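A.B. asks: Please see the structure below; I have some questions.
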Amino acid sequence: MRFDVLTLFPEMFRGPLDASILGRARQAGLIDIVIHDIRDYAEDRHRTADDYPYGGGAGMVLKPGPVFRLVDSLCPGWEKAPRGTGSKIPGLWLVYLTPQGRPLDQATARRLAGVDRLVLLAGHYEGTDERIREALVDEELSIGDYVLTGGEIPAMVVIDAVARLIPGVLGQEVSPLEESFTEGLLEYPHYTRPADFRGLRVPEVLLSGNHERVRRWRRKESIRRTLERRPELLLQARLTREDHQLLRELLEESGAGSVSAEAQAGPAAPDGDEEGRKAGSGPDQAC
Ligand code: SAM
């Protein structure tokens, strides 16, 4: 998969994308990340890429010219290409990072991991000229309800969240199948050696060697965490009959046993209903 980042500050990307899992994935050729300096596509000797907003007001706005010319270089002749139902520019899916976008979540990351070429536009200052959004942008994403100085860190967040879902990127280090949000639940707690650290003991079940007990304990702790920290996620999660039983046990343990588990979460899916757990189909694949 290839990522192209359009930015006024390419130097911000040095380091974070070179280390650890992403660095290794790049070296192994599993992902390709190309950082483009929008100023390289300015036409004046000062390399001007932003300007004052029409109508007045504070701040600077990203000019359309340099961004359009950069996109022209990524996909020559795109304006004359036939428009399908997919992306605005054939061959790529262009995401603008903005606090006005839809919040990034794990399902979106999974969907974007199915795109061949993802282009991320990082705004700065006041943001971009609206014509960029109208003509070039396929999707707008936010990384949270707060305002940052620029879209560079959000672009890195998207790259990290998406790249780690590409087969081979994580290797054996982390399992994307069991972690938080994969099944609409938060992940269970982890422990490692020693079994007794300053009197703080690892739960006995994890030392039992009984795989079935460990599996059930983990599932129950996953539901417990979600119930305690993000109860709204349980409304969307596809819970099996066993999950409903575990939820009932948790509610009984907490003294809220009279509340029906079904009232706390949606209807039960049959145990092992993998189909129901799969994310929805992805966006139109960029051509
Ligand atoms: N004036 C804009 C508004 O009110 O929506 C905010 C501009 S912000 C200071 C500058 C740039 O940072 C944005 O163009 C966007 O690319 C990026 N940015 C800031 N906060 C963000 C967030 N929560 N998610 C994604 N991008 C963000």
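The chains in the structure tokens are called A, B, ... from first to last as shown; in each chain the residues are counted from 1, and the ligands are counted from 1 in the order shown.
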Please identify every polymer residue within 7 Å of ligand 1, using only C-alpha atoms and all ligand atoms, and present the set as a list in words.
C.D. replies: Tyr96, Leu97, Thr98, Pro99, Gln100, Ala122, Gly123, His124, Tyr125, Glu126, Gly127, Thr128, Leu141, Ser142, Ile143, Gly144, Asp145, Tyr146, Val147, Leu148, Thr149, Gly150, Gly151 and Pro154 of chain A
A.B. asks: Put those residues in a file: C-alpha atoms, as a JSON list (two decimals), in the first residue's frame.
C.D. replies:
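Everything below was put into selection21.json:
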```json
[["chain", "number", "residue", "atom", "x", "y", "z"],
["A", 96, "TYR", "CA", -8.26, 15.77, 4.17],
["A", 97, "LEU", "CA", -7.42, 15.87, 7.88],
["A", 98, "THR", "CA", -9.65, 18.41, 9.57],
["A", 99, "PRO", "CA", -11.40, 18.83, 12.92],
["A", 100, "GLN", "CA", -14.59, 19.16, 10.84],
["A", 122, "ALA", "CA", -2.51, 18.09, 5.99],
["A", 123, "GLY", "CA", -3.85, 21.60, 6.42],
["A", 124, "HIS", "CA", -2.18, 24.33, 8.45],
["A", 125, "TYR", "CA", -3.08, 27.75, 9.84],
["A", 126, "GLU", "CA", -6.77, 28.43, 9.08],
["A", 127, "GLY", "CA", -7.16, 25.45, 6.74],
["A", 128, "THR", "CA", -7.59, 25.12, 2.97],
["A", 141, "LEU", "CA", -11.34, 12.79, 8.86],
["A", 142, "SER", "CA", -10.79, 14.20, 12.32],
["A", 143, "ILE", "CA", -8.66, 12.58, 15.02],
["A", 144, "GLY", "CA", -10.75, 14.10, 17.80],
["A", 145, "ASP", "CA", -12.81, 17.03, 18.98],
["A", 146, "TYR", "CA", -9.95, 19.43, 19.58],
["A", 147, "VAL", "CA", -8.00, 21.74, 17.28],
["A", 148, "LEU", "CA", -4.33, 21.13, 16.48],
["A", 149, "THR", "CA", -1.93, 23.50, 14.74],
["A", 150, "GLY", "CA", -1.74, 21.34, 11.63],
["A", 151, "GLY", "CA", -2.80, 18.12, 9.93],
["A", 154, "PRO", "CA", -3.33, 13.58, 12.34]]
```
A.B. asks: List every residue of segment 74-227 of chain A that DSSP, applied to the backbone, labels as alpha helix (DSSP H), and write the result as a PyMOL selection string.
C.D. replies: chain A and resi 74+106-112+130-136+152-163+211-227
A.B. asks: Could the residues in this selection be saved with C-alpha atoms as a PDB file, in the first residue's frame?
C.D. replies:
```pdb
ATOM      1  CA  LEU A  74       0.305  12.379  -8.913  1.00  0.00           C
ATOM      2  CA  GLN A 106     -11.046   1.385  13.913  1.00  0.00           C
ATOM      3  CA  ALA A 107     -13.677   0.528  11.294  1.00  0.00           C
ATOM      4  CA  THR A 108     -12.500   3.468   9.170  1.00  0.00           C
ATOM      5  CA  ALA A 109      -8.877   2.383   9.560  1.00  0.00           C
ATOM      6  CA  ARG A 110      -9.854  -1.127   8.414  1.00  0.00           C
ATOM      7  CA  ARG A 111     -11.698   0.280   5.405  1.00  0.00           C
ATOM      8  CA  LEU A 112      -8.776   2.508   4.423  1.00  0.00           C
ATOM      9  CA  GLU A 130     -12.841  25.380  -0.056  1.00  0.00           C
ATOM     10  CA  ARG A 131     -12.311  24.552  -3.762  1.00  0.00           C
ATOM     11  CA  ILE A 132      -9.656  22.020  -2.764  1.00  0.00           C
ATOM     12  CA  ARG A 133     -12.217  20.214  -0.631  1.00  0.00           C
ATOM     13  CA  GLU A 134     -14.900  20.381  -3.297  1.00  0.00           C
ATOM     14  CA  ALA A 135     -12.796  19.207  -6.252  1.00  0.00           C
ATOM     15  CA  LEU A 136     -10.168  16.899  -4.776  1.00  0.00           C
ATOM     16  CA  GLU A 152       0.668  16.541  10.067  1.00  0.00           C
ATOM     17  CA  ILE A 153       0.197  14.691  13.368  1.00  0.00           C
ATOM     18  CA  PRO A 154      -3.334  13.575  12.336  1.00  0.00           C
ATOM     19  CA  ALA A 155      -1.845  12.279   9.045  1.00  0.00           C
ATOM     20  CA  MET A 156       0.712  10.261  11.011  1.00  0.00           C
ATOM     21  CA  VAL A 157      -2.068   8.921  13.229  1.00  0.00           C
ATOM     22  CA  VAL A 158      -4.002   7.742  10.159  1.00  0.00           C
ATOM     23  CA  ILE A 159      -0.903   6.151   8.614  1.00  0.00           C
ATOM     24  CA  ASP A 160      -0.122   4.301  11.846  1.00  0.00           C
ATOM     25  CA  ALA A 161      -3.697   3.094  12.393  1.00  0.00           C
ATOM     26  CA  VAL A 162      -4.059   1.945   8.776  1.00  0.00           C
ATOM     27  CA  ALA A 163      -0.580   0.536   8.104  1.00  0.00           C
ATOM     28  CA  HIS A 211      -6.792 -22.728  27.814  1.00  0.00           C
ATOM     29  CA  GLU A 212     -10.573 -22.782  28.038  1.00  0.00           C
ATOM     30  CA  ARG A 213     -10.593 -21.070  31.448  1.00  0.00           C
ATOM     31  CA  VAL A 214      -8.104 -18.474  30.190  1.00  0.00           C
ATOM     32  CA  ARG A 215     -10.231 -17.800  27.083  1.00  0.00           C
ATOM     33  CA  ARG A 216     -13.404 -17.350  29.136  1.00  0.00           C
ATOM     34  CA  TRP A 217     -11.642 -15.140  31.701  1.00  0.00           C
ATOM     35  CA  ARG A 218     -10.240 -12.907  28.963  1.00  0.00           C
ATOM     36  CA  ARG A 219     -13.603 -12.577  27.296  1.00  0.00           C
ATOM     37  CA  LYS A 220     -15.261 -11.692  30.586  1.00  0.00           C
ATOM     38  CA  GLU A 221     -12.576  -9.107  31.435  1.00  0.00           C
ATOM     39  CA  SER A 222     -12.947  -7.635  27.964  1.00  0.00           C
ATOM     40  CA  ILE A 223     -16.684  -7.190  28.559  1.00  0.00           C
ATOM     41  CA  ARG A 224     -16.048  -5.892  32.098  1.00  0.00           C
ATOM     42  CA  ARG A 225     -13.640  -3.222  30.807  1.00  0.00           C
ATOM     43  CA  THR A 226     -16.007  -2.149  28.090  1.00  0.00           C
ATOM     44  CA  LEU A 227     -18.912  -1.988  30.535  1.00  0.00           C
TER      45      LEU A 227
END
```
A.B. asks: One decimal, in Å: what's the spacing between atom CA of Tyr41 of chain A and atom CA of Cys75 of chain A?
C.D. replies: 14.4 Å
A.B. asks: Considering only C-alpha atoms, can you say which of A:Leu30, A:Leu121, A:Ala42, A:Arg69 comes closest to Pro10 of chain A?
C.D. replies: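 Nearest to Pro10 of chain A: A:Leu121.
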A.B. asks: Suppose you want the space between atom CA of Ser73 of chain A and atom CA of Asp129 of chain A; what is it in Å?
C.D. replies: 19.4 Å
A.B. asks: What gap, in Å, lies between atom CA of Lys88 of chain A and atom CA of Val5 of chain A?
C.D. replies: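 Atom CA of Lys88 of chain A sits 17.0 Å away from atom CA of Val5 of chain A.
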A.B. asks: Excluding segment 202-208 of chain A and residues on its chain fewer than 6 positions from it, collect all residues at most 9 Å away from it, counting only C-alpha atoms, and give them as an mmCIF file with N, CA and C atoms, in the first residue's frame.
C.D. replies:
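New file out_28.cif:
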```
data_model
loop_
_atom_site.group_PDB
_atom_site.id
_atom_site.type_symbol
_atom_site.label_atom_id
_atom_site.label_comp_id
_atom_site.auth_asym_id
_atom_site.auth_seq_id
_atom_site.Cartn_x
_atom_site.Cartn_y
_atom_site.Cartn_z
ATOM 1 N N TYR A 191 -0.708 -9.520 31.501
ATOM 2 C CA TYR A 191 0.311 -9.645 32.553
ATOM 3 C C TYR A 191 1.505 -10.386 31.970
ATOM 4 N N THR A 192 2.706 -10.102 32.519
ATOM 5 C CA THR A 192 3.885 -10.888 32.140
ATOM 6 C C THR A 192 4.687 -11.198 33.401
ATOM 7 N N ARG A 193 5.800 -11.916 33.272
ATOM 8 C CA ARG A 193 6.579 -12.317 34.434
ATOM 9 C C ARG A 193 7.172 -11.117 35.180
ATOM 10 N N PRO A 194 7.331 -11.163 36.481
ATOM 11 C CA PRO A 194 7.112 -12.309 37.377
ATOM 12 C C PRO A 194 5.647 -12.451 37.789
ATOM 13 N N ALA A 195 5.300 -13.646 38.268
ATOM 14 C CA ALA A 195 3.914 -13.910 38.681
ATOM 15 C C ALA A 195 3.566 -13.140 39.947
ATOM 16 N N ASP A 196 4.584 -12.849 40.755
ATOM 17 C CA ASP A 196 4.362 -12.075 41.991
ATOM 18 C C ASP A 196 5.357 -10.927 41.984
ATOM 19 N N VAL A 214 -8.783 -19.738 30.541
ATOM 20 C CA VAL A 214 -8.104 -18.474 30.190
ATOM 21 C C VAL A 214 -8.935 -17.727 29.155
ATOM 22 N N TRP A 217 -12.016 -16.257 30.820
ATOM 23 C CA TRP A 217 -11.642 -15.140 31.701
ATOM 24 C C TRP A 217 -11.345 -13.882 30.875
#
```
